[in-house]
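Chemist: Sending over a structure as structure tokens; questions will come in a sec.
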Amino acid sequence: MSALPLFPVTTVGSWPRPPALLRAQRLKRLGRMSAEEFNRLADEAVLEALRLQEEAGVDVVTDGEQRRDNFYSFVSEKLDGVRLMTLAEMLDVVEDKAGFERILRTLDAPAYSISTATCVGKVRRRKPLALDDLRFLKRHSTKAIKVTLPGPYLLTRSMYLPPLSSEAYPTKEDLGEDVVQVLWEEVQALAQEGVDFIQLDEPVLTELVFSQGQTRTFMCAALAARKDPAEELEFALALLNRVVKGISGVRIGLHVCRGNWSQKEETLLSGSYHPLSPYLKQMQVQQLVLEYATQRAGDLVSFPDKELGLGVVNPRLERVETIDDIRRAVERALETYPADKLWLNPDCGFGTFSNRPVSQPEIAARKLANISAVARLLREQG
């Protein structure tokens, strides 16, 4: 990665998709739009997301995940053995229908508006997950580039639906073996292509420690096999460290939040990162990208050997945090972290799900501009 200033500014990944692209996603899924036409519209959307980031002063850019239905379900187009299903379609096949309906009622989201990738056979990497997206962005920006990928535990948990998956994989742990291989291949390819930053998303880790054994997040298709949270966290740790084993020359980050599908804070999980701390410390990543702009995140946790991607604005709020708000948040973090270990970003993405964005482009751009303004002030302050 080329030299970056102190307090590098970046995003967590997603950006709200324009209406034309949302229509194109629906038409493509119905088989009424070609891949070429979809990619033409997606290219335009990526360039617009890139323009807004660059104008806002972002130091490390993403493609806004514009080509994706959401931050993990897009793998259904890239992998063998995976099918895209809405939560409503999943309800038809889950064994515990009453339990799944309870989950849907807590989501504050129509069951048809969120889709998930579901394992229906042996999983193999048919196409690169994000390599082509990286190549497109490199042709259009001289900025450092971050590529986001779903983490191995998230993919394993979200894709494993026993009635459809168990013939190919008797347990989700069996599925995890092939998920690791898929992601390891992708990370290797991205590193060889010269990506600057790879972020693995594992928001489902918080569900293990904050929901007292009750699955409350849309990401958990694994409604069976309620293991002890410590066992699941050890499993997640092992998966992630195998995915990044042997990778060099690229910054690896891990993003953990508490859900990002609703603007109603009460529907999202609450709790400090302290219960996850022993496991996060063992993750073989250089940076932890953590949300701290919501009171639901609790107090700042120290990870002395890692950088912190500090969440300083809440993407779900329409209110734009002021420069003073953001500066105070960074100054509090500087009591725990040295300046050269702090990156500044939103808590999460601005458009995690295509049909359920938590922000609008103009609001997101203003939030990013204020983050960048604070970064400049702190650099001048020395």
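We label chains A, B, ... in the order they appear in the structure tokens, count residues from 1 in each chain, and number ligands from 1 in the order shown.
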So that I can check the surroundings of A:Ala35, please list as a count of residues only every protein, DNA and RNA residue that reaches within 12 Å of it, counting only C-alpha atoms and ignoring chain neighbours fewer than 6 positions away.
Modeler: 10
Chemist: Please report, as number ranges by chain, each residue of stretch 3-224 of chain A to which DSSP assigns alpha helix (DSSP H) when run on this structure's backbone.
Modeler: A: 19-29, 35-55, 87-91, 97-106, 131-140, 152-159, 162-165, 172-193, 205-210
Chemist: Name the residues in contact with stretch 369-373 of chain A at a cut-off of 8 Å, using only C-alpha atoms, excluding same-chain residues fewer than 4 positions from it; report them as a list of chain:residue names.
Modeler: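 Counting only the stated atoms, we get A:Val9, A:Glu55, A:Ala56, A:Gly57, A:Val58, A:Val312, A:Glu321, A:Thr322, A:Ile323, A:Ile326, A:Leu344, A:Asn345, A:Ala365, A:Leu377.
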Chemist: Using only C-alpha atoms, determine which residues lie at most 7 Å from stretch 271-287 of chain A, disregarding the query and same-chain residues fewer than 2 positions distant; provide the list as a PyMOL selection string.
Modeler: chain A and resi 209-210+237+241+251-254+269+289+296-299+301+303+306-309
Chemist: For the interface of stretch 16-69 of chain A with stretch 177-199 of chain A (cut-off 10 Å, counting only C-alpha atoms), please tabulate each contacting residue of stretch 16-69 of chain A alongside its nearest pair of atoms and their separation in Å to one decimal, rows sorted by chain and increasing number, as a Markdown table.
Modeler:
```
| residue | atom | partner | partner_atom | distance |
| --- | --- | --- | --- | --- |
| A:Val60 | CA | A:Phe197 | CA | 8.4 |
| A:Val61 | CA | A:Phe197 | CA | 9.7 |
| A:Thr62 | CA | A:Phe197 | CA | 9.7 |
```
Chemist: With N, CA and C atoms retained, export the selected residues as a tab-separated table (two decimals), in the first residue's frame.
Modeler:
```tsv
chain	number	residue	atom	x	y	z
A	60	VAL	N	-9.02	5.60	1.36
A	60	VAL	CA	-9.04	4.23	0.86
A	60	VAL	C	-10.46	3.93	0.41
A	61	VAL	N	-10.64	3.72	-0.89
A	61	VAL	CA	-11.98	3.65	-1.46
A	61	VAL	C	-12.43	2.20	-1.65
A	62	THR	N	-13.73	2.01	-1.78
A	62	THR	CA	-14.33	0.73	-2.14
A	62	THR	C	-15.22	0.95	-3.37
```
Chemist: To one decimal place in Å, what is the distance between atom CA of A:Gly259 and atom CA of A:Tyr72?
Modeler: 13.3 Å
Chemist: Looking only at the backbone, which of the residues in stretch 124-329 of chain A does DSSP tag as strand (DSSP E), as JSON, numbers by chain?
Modeler: {"A": [124, 125, 144, 145, 146, 147, 148, 149, 150, 197, 198, 199, 200, 201, 251, 252, 253, 254, 255, 256, 287, 288, 289, 290, 307, 308, 309, 310, 311, 312, 313]}
Chemist: How many Å separate atom CA of A:Glu362 from atom CA of A:Pro19?
Modeler: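 Going from atom CA of A:Glu362 over to atom CA of A:Pro19 covers 14.4 Å.
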Chemist: How far is it from atom CA of A:Ser165 to atom CA of A:Pro203, in Å with one decimal?
Modeler: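 Atom-to-atom, atom CA of A:Ser165 to atom CA of A:Pro203, that is 22.4 Å.
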Chemist: Report as a list of chain:residue names all protein, DNA and RNA residues lying within 7 Å of stretch 80-87 of chain A, evaluated on only C-alpha atoms, omitting residues in the same chain fewer than 3 positions from it.
Modeler: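 Contacts, with the query itself left out: A:Ser73, A:Ser76, A:Met90, A:Leu91, A:Ala111, A:Tyr112, A:Ile114, A:Ser115, A:Thr116, A:Ala117, A:Thr118, A:Cys119, A:Val120, A:Gly121, A:Lys122, A:Val123, A:Arg124, A:Arg125, A:Arg126.
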Chemist: From the set A:Phe7, A:Glu232, A:Lys78, A:Pro357, which residue has the shortest atom-to-atom contact distance to A:Arg327, counting only C-alpha atoms?
Modeler: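 Among the listed residues, the smallest separation from A:Arg327 belongs to A:Phe7.
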Chemist: List the neighbours of A:Val12 out to 7 Å using only C-alpha atoms; skip same-chain residues closer than 3 positions along the sequence, and give me the result as a list in words.
Modeler: Asn345, Pro346, Cys348 and Gly349 of chain A
Chemist: Can I get the selected residues back with N, CA and C atoms, as a compact mmCIF listing (two decimals), in the first residue's frame?
Modeler:
```txt
# COMPACT_ATOMS: atom_id res chain seq x y z
N ASN A 345 -13.77 5.56 10.16
CA ASN A 345 -14.77 5.05 9.23
C ASN A 345 -16.15 5.10 9.87
N PRO A 346 -17.20 4.89 9.09
CA PRO A 346 -18.53 4.74 9.69
C PRO A 346 -18.60 3.43 10.50
N CYS A 348 -20.70 1.02 10.02
CA CYS A 348 -20.99 -0.09 9.12
C CYS A 348 -21.25 0.49 7.74
N GLY A 349 -21.77 -0.31 6.83
CA GLY A 349 -22.06 0.17 5.49
C GLY A 349 -23.27 1.07 5.44
```
